[in-house]
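Just work-v3.pdb here, PDB, C-alpha atoms and all ligand atoms:
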```
ATOM      1  CA  MET A 811     -17.369  -2.621  -0.872
ATOM      2  CA  LYS A 812     -15.338  -4.632   1.636
ATOM      3  CA  VAL A 813     -14.725  -8.346   1.255
ATOM      4  CA  TYR A 814     -14.445 -10.874   4.077
ATOM      5  CA  VAL A 815     -13.423 -14.506   3.597
ATOM      6  CA  LEU A 816     -15.030 -17.391   5.499
ATOM      7  CA  ARG A 817     -13.121 -20.666   5.304
ATOM      8  CA  ILE A 818     -15.540 -23.523   6.183
ATOM      9  CA  GLY A 819     -14.954 -27.224   6.855
ATOM     10  CA  HIS A 820     -11.395 -26.772   8.151
ATOM     11  CA  ARG A 821     -10.035 -30.122   9.451
ATOM     12  CA  PRO A 822      -7.404 -29.269  12.079
ATOM     13  CA  GLU A 823      -5.655 -32.643  11.745
ATOM     14  CA  ARG A 824      -5.033 -32.332   7.972
ATOM     15  CA  ASP A 825      -5.763 -28.803   6.674
ATOM     16  CA  LYS A 826      -3.399 -26.611   8.709
ATOM     17  CA  ARG A 827      -1.141 -25.660   5.842
ATOM     18  CA  ILE A 828      -3.800 -25.066   3.194
ATOM     19  CA  THR A 829      -6.091 -23.176   5.588
ATOM     20  CA  THR A 830      -3.160 -20.952   6.552
ATOM     21  CA  HIS A 831      -2.641 -20.315   2.843
ATOM     22  CA  VAL A 832      -6.330 -19.412   2.438
ATOM     23  CA  GLY A 833      -5.928 -16.837   5.238
ATOM     24  CA  LEU A 834      -2.699 -15.428   3.818
ATOM     25  CA  THR A 835      -4.236 -15.260   0.338
ATOM     26  CA  ALA A 836      -7.269 -13.406   1.717
ATOM     27  CA  ARG A 837      -4.869 -10.937   3.372
ATOM     28  CA  ALA A 838      -2.545 -10.462   0.394
ATOM     29  CA  PHE A 839      -5.304 -10.214  -2.235
ATOM     30  CA  GLY A 840      -7.411  -7.476  -0.710
ATOM     31  CA  ALA A 841      -9.855  -9.012   1.776
ATOM     32  CA  SER A 842     -10.623  -6.954   4.880
ATOM     33  CA  GLY A 843     -11.184  -9.939   7.161
ATOM     34  CA  PHE A 844     -10.679 -13.670   7.572
ATOM     35  CA  ILE A 845     -13.042 -15.961   9.479
ATOM     36  CA  LEU A 846     -12.216 -19.607  10.136
ATOM     37  CA  SER A 847     -14.667 -22.426  10.841
ATOM     38  CA  PRO A 848     -14.335 -24.433  12.967
ATOM     39  CA  CYS A 849     -12.023 -22.506  15.270
ATOM     40  CA  ASP A 850      -8.343 -23.484  15.325
ATOM     41  CA  GLU A 851      -6.299 -21.142  17.506
ATOM     42  CA  LYS A 852      -2.999 -22.171  15.875
ATOM     43  CA  ILE A 853      -4.151 -20.877  12.474
ATOM     44  CA  ILE A 854      -5.563 -17.665  13.942
ATOM     45  CA  GLU A 855      -2.254 -17.058  15.751
ATOM     46  CA  LYS A 856      -0.271 -17.713  12.563
ATOM     47  CA  ILE A 857      -2.279 -15.161  10.544
ATOM     48  CA  LYS A 858      -2.001 -12.597  13.356
ATOM     49  CA  ASP A 859       1.741 -13.203  13.530
ATOM     50  CA  VAL A 860       2.103 -12.468   9.793
ATOM     51  CA  GLU A 861       0.036  -9.292  10.313
ATOM     52  CA  LYS A 862       2.371  -8.254  13.131
ATOM     53  CA  ARG A 863       5.589  -8.870  11.195
ATOM     54  CA  TRP A 864       4.553  -7.789   7.692
ATOM     55  CA  GLY A 865       2.028  -5.104   8.656
ATOM     56  CA  LYS A 866      -1.693  -4.794   9.105
ATOM     57  CA  LEU A 867      -3.912  -5.392   6.090
ATOM     58  CA  LEU A 868      -6.801  -7.180   7.800
ATOM     59  CA  GLU A 869      -9.380  -5.386   9.952
ATOM     60  CA  MET A 870     -10.367  -8.620  11.650
ATOM     61  CA  VAL A 871      -9.280 -12.230  12.084
ATOM     62  CA  ASP A 872     -11.948 -14.330  13.748
ATOM     63  CA  CYS A 873     -13.446 -17.792  13.972
ATOM     64  CA  THR A 874     -16.833 -19.443  14.448
ATOM     65  CA  ASN A 875     -18.047 -22.902  15.354
ATOM     66  CA  SER A 876     -21.521 -22.070  13.962
ATOM     67  CA  PRO A 877     -20.888 -21.157  10.308
ATOM     68  CA  ILE A 878     -24.534 -21.393   9.211
ATOM     69  CA  SER A 879     -25.665 -18.966  11.925
ATOM     70  CA  TYR A 880     -22.710 -16.719  11.035
ATOM     71  CA  ILE A 881     -23.794 -16.598   7.380
ATOM     72  CA  LYS A 882     -27.472 -16.018   8.241
ATOM     73  CA  LYS A 883     -26.452 -13.102  10.452
ATOM     74  CA  TRP A 884     -24.138 -11.768   7.732
ATOM     75  CA  LYS A 885     -27.020 -11.717   5.234
ATOM     76  CA  GLU A 886     -28.636  -8.945   7.301
ATOM     77  CA  ARG A 887     -25.734  -6.673   6.305
ATOM     78  CA  GLY A 888     -24.280  -7.952   3.055
ATOM     79  CA  VAL A 889     -24.042 -10.361   0.163
ATOM     80  CA  VAL A 890     -22.776 -13.950   0.220
ATOM     81  CA  VAL A 891     -20.611 -15.419  -2.549
ATOM     82  CA  HIS A 892     -19.759 -19.134  -2.443
ATOM     83  CA  LEU A 893     -16.842 -20.294  -4.585
ATOM     84  CA  THR A 894     -17.629 -23.697  -6.079
ATOM     85  CA  MET A 895     -16.723 -25.455  -9.310
ATOM     86  CA  TYR A 896     -20.454 -26.171  -9.780
ATOM     87  CA  GLY A 897     -21.411 -22.485  -9.916
ATOM     88  CA  ILE A 898     -21.745 -19.890 -12.673
ATOM     89  CA  ASN A 899     -18.466 -19.135 -14.421
ATOM     90  CA  ILE A 900     -16.848 -15.988 -13.013
ATOM     91  CA  ASN A 901     -16.563 -14.517 -16.510
ATOM     92  CA  ASP A 902     -20.367 -14.376 -16.685
ATOM     93  CA  VAL A 903     -20.975 -12.826 -13.278
ATOM     94  CA  ILE A 904     -17.996 -10.690 -12.193
ATOM     95  CA  ASN A 905     -19.556  -7.448 -13.457
ATOM     96  CA  ASN A 906     -22.641  -8.070 -11.276
ATOM     97  CA  ILE A 907     -20.374  -8.578  -8.267
ATOM     98  CA  LYS A 908     -18.435  -5.375  -9.007
ATOM     99  CA  ASP A 909     -21.739  -3.461  -8.935
ATOM    100  CA  ILE A 910     -22.595  -4.569  -5.383
ATOM    101  CA  SER A 911     -22.463  -1.694  -2.916
ATOM    102  CA  LYS A 912     -22.763  -3.832   0.252
ATOM    103  CA  ASP A 913     -19.984  -5.836   1.909
ATOM    104  CA  VAL A 914     -19.354  -9.320   0.531
ATOM    105  CA  LEU A 915     -18.682 -12.551   2.428
ATOM    106  CA  VAL A 916     -16.776 -15.062   0.280
ATOM    107  CA  ILE A 917     -17.105 -18.701   1.370
ATOM    108  CA  VAL A 918     -14.493 -21.290   0.425
ATOM    109  CA  GLY A 919     -14.775 -24.953   1.356
ATOM    110  CA  ALA A 920     -12.405 -27.764   2.208
ATOM    111  CA  GLU A 921     -14.105 -31.156   1.966
ATOM    112  CA  LYS A 922     -17.571 -31.734   0.446
ATOM    113  CA  VAL A 923     -19.649 -28.615   0.993
ATOM    114  CA  PRO A 924     -23.205 -29.340   2.287
ATOM    115  CA  ARG A 925     -26.126 -28.264   0.103
ATOM    116  CA  GLU A 926     -27.323 -25.648   2.611
ATOM    117  CA  TYR A 927     -24.373 -23.386   1.730
ATOM    118  CA  TYR A 928     -25.341 -23.390  -1.964
ATOM    119  CA  GLU A 929     -28.822 -22.307  -0.973
ATOM    120  CA  LEU A 930     -27.730 -19.619   1.481
ATOM    121  CA  ALA A 931     -25.343 -18.075  -1.059
ATOM    122  CA  ASP A 932     -26.577 -15.168  -3.183
ATOM    123  CA  PHE A 933     -24.056 -16.202  -5.853
ATOM    124  CA  ASN A 934     -22.441 -19.619  -6.418
ATOM    125  CA  ILE A 935     -19.420 -18.759  -8.555
ATOM    126  CA  ALA A 936     -16.990 -21.050 -10.372
ATOM    127  CA  ILE A 937     -13.461 -20.074 -11.272
ATOM    128  CA  GLY A 938     -13.901 -22.256 -14.312
ATOM    129  CA  ASN A 939     -15.985 -25.433 -13.970
ATOM    130  CA  GLN A 940     -13.064 -27.735 -13.207
ATOM    131  CA  PRO A 941     -11.877 -28.904  -9.771
ATOM    132  CA  HIS A 942      -8.776 -27.166  -8.382
ATOM    133  CA  SER A 943      -8.069 -25.514  -5.045
ATOM    134  CA  GLU A 944      -9.599 -23.068  -2.577
ATOM    135  CA  VAL A 945      -6.378 -21.043  -2.611
ATOM    136  CA  ALA A 946      -6.368 -20.697  -6.397
ATOM    137  CA  ALA A 947     -10.112 -19.995  -6.497
ATOM    138  CA  LEU A 948      -9.870 -17.274  -3.858
ATOM    139  CA  ALA A 949      -6.834 -15.594  -5.430
ATOM    140  CA  VAL A 950      -8.416 -15.443  -8.879
ATOM    141  CA  PHE A 951     -11.772 -14.229  -7.519
ATOM    142  CA  LEU A 952     -10.215 -11.402  -5.474
ATOM    143  CA  ASP A 953      -7.819 -10.360  -8.215
ATOM    144  CA  ARG A 954     -10.645 -10.207 -10.794
ATOM    145  CA  LEU A 955     -12.799  -8.243  -8.376
ATOM    146  CA  PHE A 956     -10.098  -5.706  -7.440
ATOM    147  CA  GLU A 957      -8.478  -5.727 -10.903
ATOM    148  CA  GLY A 958      -4.953  -5.990  -9.469
ATOM    149  CA  ARG A 959      -5.193  -2.817  -7.344
ATOM    150  CA  GLU A 960      -5.028  -4.966  -4.184
ATOM    151  CA  LEU A 961      -1.388  -5.786  -4.961
ATOM    152  CA  GLU A 962      -0.397  -2.133  -4.432
ATOM    153  CA  ARG A 963      -1.751  -1.705  -0.891
ATOM    154  CA  GLU A 964       0.732  -0.712   1.835
ATOM    155  CA  PRO A 965       0.330  -2.580   5.134
ATOM    156  CA  LYS A 966       0.241  -0.436   8.311
ATOM    157  CA  ASN A 967       3.122  -0.513  10.815
ATOM    158  CA  PRO A 968       5.178  -3.380   9.384
ATOM    159  CA  GLN A 969       8.251  -4.712  11.185
ATOM    160  CA  LEU A 970       9.522  -6.004   7.848
ATOM    161  CA  LYS A 971       9.209  -4.542   4.358
ATOM    162  CA  ILE A 972      10.507  -5.936   1.100
ATOM    163  CA  LEU A 973      12.428  -3.681  -1.270
ATOM    164  CA  PRO A 974      11.597  -5.202  -4.625
ATOM    165  CA  THR A 975      14.723  -6.180  -6.490
ATOM    166  CA  PRO A 976      15.317  -7.990  -9.783
ATOM    167  CA  LYS A 977      17.739 -10.405  -8.099
ATOM    168  CA  GLY A 978      18.305 -11.546  -4.522
ATOM    169  CA  LYS A 979      16.380 -10.464  -1.424
ATOM    170  CA  ARG A 980      16.244  -7.000   0.164
ATOM    171  CA  VAL A 981      14.263  -6.569   3.358
ATOM    172  CA  ILE A 982      14.187  -3.530   5.687
ATOM    173  CA  SER A 983      13.552  -4.116   9.361
ATOM    174  CA  PHE A 984      11.845  -1.409  11.477
ATOM    175  CA  GLU A 985      12.303  -1.111  15.240
ATOM    176  CA  HIS A 986       8.989  -0.884  17.104
TER
HETATM  177  N1  LIG B   1     -15.698 -31.570  -3.869
HETATM  178  C1  LIG B   1     -15.781 -30.410  -3.038
HETATM  179  C2  LIG B   1     -17.193 -29.822  -3.064
HETATM  180  O1  LIG B   1     -18.130 -30.558  -2.953
HETATM  181  O2  LIG B   1     -17.354 -28.612  -3.152
HETATM  182  C3  LIG B   1     -14.721 -29.388  -3.438
HETATM  183  C4  LIG B   1     -13.491 -29.469  -2.654
HETATM  184  S1  LIG B   1     -12.234 -28.339  -3.202
HETATM  185  C5  LIG B   1     -10.759 -29.189  -2.889
HETATM  186  C6  LIG B   1     -12.200 -27.149  -1.904
HETATM  187  C7  LIG B   1     -12.760 -25.819  -2.264
HETATM  188  O3  LIG B   1     -12.037 -25.245  -3.333
HETATM  189  C8  LIG B   1     -14.200 -25.776  -2.699
HETATM  190  O4  LIG B   1     -15.101 -25.862  -1.631
HETATM  191  C9  LIG B   1     -14.256 -24.429  -3.405
HETATM  192  O5  LIG B   1     -14.464 -23.373  -2.491
HETATM  193  C10 LIG B   1     -12.861 -24.313  -4.021
HETATM  194  N2  LIG B   1     -12.830 -24.662  -5.447
HETATM  195  C11 LIG B   1     -12.240 -25.712  -6.025
HETATM  196  N3  LIG B   1     -12.388 -25.673  -7.356
HETATM  197  C12 LIG B   1     -13.100 -24.553  -7.634
HETATM  198  C13 LIG B   1     -13.571 -23.937  -8.834
HETATM  199  N4  LIG B   1     -13.359 -24.470 -10.022
HETATM  200  N5  LIG B   1     -14.262 -22.796  -8.716
HETATM  201  C14 LIG B   1     -14.500 -22.214  -7.514
HETATM  202  N6  LIG B   1     -14.072 -22.758  -6.345
HETATM  203  C15 LIG B   1     -13.383 -23.892  -6.407
END
```
Can the structure in the file be given as structure tokens, please?
Ligand code: SAM
Amino acid sequence: MKVYVLRIGHRPERDKRITTHVGLTARAFGASGFILSPCDEKIIEKIKDVEKRWGKLLEMVDCTNSPISYIKKWKERGVVVHLTMYGININDVINNIKDISKDVLVIVGAEKVPREYYELADFNIAIGNQPHSEVAALAVFLDRLFEGRELEREPKNPQLKILPTPKGKRVISFEH
């Protein structure tokens, strides 16, 4: 199963930082792709720049100005999970998600999410039924799904690589 993350309701004038963090969280926690709606070239460039410097983990970084059509099309090939505090608690549904053999599109919102998304989703899942953040929700969902294995992936062709150290910072730089 591959997981792709669709960030909907992005407001370019106020969400740049948090939407960038959604994209970087998707990348670092095991997603294979990140799709932004509506399009904002600055965010797409930022995610691609991190991929270039720290190595390739994402198969695709894309955007759409028609998220509903995008989701309807996706449903021909895979399953849709919508992360919302109103959904079923992840503890009660994660084993069903792990059993899915198709690809999964995970939707995270920004402002109020219109009802249509709840209806299009195959699963509306809550990371606990309290309000918090799309970044936290996505990180917990992906880490529960991949059981921590996503943190051991090696990015392809990095320019920079961290050498883990108990104190200080050690980074190797590759010429290419
Ligand atoms: N009030 C908004 C709504 O109607 O959905 C929620 C806004 S919240 C700041 C932004 C996003 O964070 C949500 O769309 C959802 O994807 C995610 N989120 C926040 N709390 C969550 C929770 N407890 N479980 C799952 N996702 C959550």
List as a PDB file with C-alpha atoms, in the coordinates of the input: which residues have an atom within 12 Å of (-18.5, -21.8, -5.0), counting all atoms listed in the file?
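Heads up, here's the output in out.pdb:
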```pdb
ATOM      1  CA  LEU A 816     -15.030 -17.391   5.499  1.00  0.00           C
ATOM      2  CA  ARG A 817     -13.121 -20.666   5.304  1.00  0.00           C
ATOM      3  CA  ILE A 818     -15.540 -23.523   6.183  1.00  0.00           C
ATOM      4  CA  VAL A 890     -22.776 -13.950   0.220  1.00  0.00           C
ATOM      5  CA  VAL A 891     -20.611 -15.419  -2.549  1.00  0.00           C
ATOM      6  CA  HIS A 892     -19.759 -19.134  -2.443  1.00  0.00           C
ATOM      7  CA  LEU A 893     -16.842 -20.294  -4.585  1.00  0.00           C
ATOM      8  CA  THR A 894     -17.629 -23.697  -6.079  1.00  0.00           C
ATOM      9  CA  MET A 895     -16.723 -25.455  -9.310  1.00  0.00           C
ATOM     10  CA  TYR A 896     -20.454 -26.171  -9.780  1.00  0.00           C
ATOM     11  CA  GLY A 897     -21.411 -22.485  -9.916  1.00  0.00           C
ATOM     12  CA  ILE A 898     -21.745 -19.890 -12.673  1.00  0.00           C
ATOM     13  CA  ASN A 899     -18.466 -19.135 -14.421  1.00  0.00           C
ATOM     14  CA  ILE A 900     -16.848 -15.988 -13.013  1.00  0.00           C
ATOM     15  CA  LEU A 915     -18.682 -12.551   2.428  1.00  0.00           C
ATOM     16  CA  VAL A 916     -16.776 -15.062   0.280  1.00  0.00           C
ATOM     17  CA  ILE A 917     -17.105 -18.701   1.370  1.00  0.00           C
ATOM     18  CA  VAL A 918     -14.493 -21.290   0.425  1.00  0.00           C
ATOM     19  CA  GLY A 919     -14.775 -24.953   1.356  1.00  0.00           C
ATOM     20  CA  ALA A 920     -12.405 -27.764   2.208  1.00  0.00           C
ATOM     21  CA  LYS A 922     -17.571 -31.734   0.446  1.00  0.00           C
ATOM     22  CA  VAL A 923     -19.649 -28.615   0.993  1.00  0.00           C
ATOM     23  CA  PRO A 924     -23.205 -29.340   2.287  1.00  0.00           C
ATOM     24  CA  ARG A 925     -26.126 -28.264   0.103  1.00  0.00           C
ATOM     25  CA  TYR A 927     -24.373 -23.386   1.730  1.00  0.00           C
ATOM     26  CA  TYR A 928     -25.341 -23.390  -1.964  1.00  0.00           C
ATOM     27  CA  GLU A 929     -28.822 -22.307  -0.973  1.00  0.00           C
ATOM     28  CA  LEU A 930     -27.730 -19.619   1.481  1.00  0.00           C
ATOM     29  CA  ALA A 931     -25.343 -18.075  -1.059  1.00  0.00           C
ATOM     30  CA  ASP A 932     -26.577 -15.168  -3.183  1.00  0.00           C
ATOM     31  CA  PHE A 933     -24.056 -16.202  -5.853  1.00  0.00           C
ATOM     32  CA  ASN A 934     -22.441 -19.619  -6.418  1.00  0.00           C
ATOM     33  CA  ILE A 935     -19.420 -18.759  -8.555  1.00  0.00           C
ATOM     34  CA  ALA A 936     -16.990 -21.050 -10.372  1.00  0.00           C
ATOM     35  CA  ILE A 937     -13.461 -20.074 -11.272  1.00  0.00           C
ATOM     36  CA  GLY A 938     -13.901 -22.256 -14.312  1.00  0.00           C
ATOM     37  CA  ASN A 939     -15.985 -25.433 -13.970  1.00  0.00           C
ATOM     38  CA  GLN A 940     -13.064 -27.735 -13.207  1.00  0.00           C
ATOM     39  CA  PRO A 941     -11.877 -28.904  -9.771  1.00  0.00           C
ATOM     40  CA  HIS A 942      -8.776 -27.166  -8.382  1.00  0.00           C
ATOM     41  CA  SER A 943      -8.069 -25.514  -5.045  1.00  0.00           C
ATOM     42  CA  GLU A 944      -9.599 -23.068  -2.577  1.00  0.00           C
ATOM     43  CA  ALA A 947     -10.112 -19.995  -6.497  1.00  0.00           C
ATOM     44  CA  LEU A 948      -9.870 -17.274  -3.858  1.00  0.00           C
ATOM     45  CA  PHE A 951     -11.772 -14.229  -7.519  1.00  0.00           C
TER      46      PHE A 951
END
```
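Between CA of Val950 (chain A) and atom C10 of ligand LIG 1 (chain B) lies a distance of 11.0 Å.
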As JSON, please: the centre and edge lengths in Å, to one decimal, of an axis-aligned box enclosing every listed atom of ligand LIG 1 (chain B) with 8 Å added on each side.
```
{"center_x": -14.4, "center_y": -26.9, "center_z": -5.8, "size_x": 23.4, "size_y": 25.4, "size_z": 24.4}
```
Report as a short mmCIF file (atom, residue, chain, number, x, y, z; two decimals) with C-alpha atoms, keeping the file's coordinate frame all protein, DNA and RNA residues lying within 10 Å of Ala838 (chain A), evaluated on only C-alpha atoms, omitting residues in the same chain fewer than 6 positions from it.
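What landed in part.cif:
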```cif
data_model
loop_
_atom_site.label_atom_id
_atom_site.label_comp_id
_atom_site.auth_asym_id
_atom_site.auth_seq_id
_atom_site.Cartn_x
_atom_site.Cartn_y
_atom_site.Cartn_z
CA VAL A 832 -6.33 -19.41 2.44
CA LEU A 867 -3.91 -5.39 6.09
CA LEU A 868 -6.80 -7.18 7.80
CA ALA A 949 -6.83 -15.59 -5.43
CA LEU A 952 -10.22 -11.40 -5.47
CA GLU A 960 -5.03 -4.97 -4.18
CA LEU A 961 -1.39 -5.79 -4.96
CA GLU A 962 -0.40 -2.13 -4.43
CA ARG A 963 -1.75 -1.70 -0.89
CA PRO A 965 0.33 -2.58 5.13
#
```
Residue neighbourhood Pro822 (chain A), 10 Å, all atoms listed in the file, exclusion window fewer than 3 positions, as a PyMOL selection string: chain A and resi 819+825-827+829+848-853
Residues in the PyMOL selection byres (((chain A and resi 913) around 7) and not hetatm), expressed as a list in words: Met811, Lys812, Val813, Gly888, Val889, Ser911, Lys912, Val914 and Leu915 of chain A
Distance criterion (only C-alpha atoms and all ligand atoms): nearest to ligand LIG 1 (chain B) out of A:Glu921, A:Ile857, A:Val815, A:Gly840: A:Glu921
Between CA of Cys873 (chain A) and CA of Gly843 (chain A) - distance in Å to one decimal: 10.6 Å
Atomic distance CA of Asn906 (chain A) - CA of Val871 (chain A), expressed in Å with one decimal: 27.2 Å
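Using all atoms listed in the file for every distance, the candidate list A:Gln969, A:Lys866, A:Ala946, A:Lys883 yields A:Ala946 as the residue closest to ligand LIG 1 (chain B).
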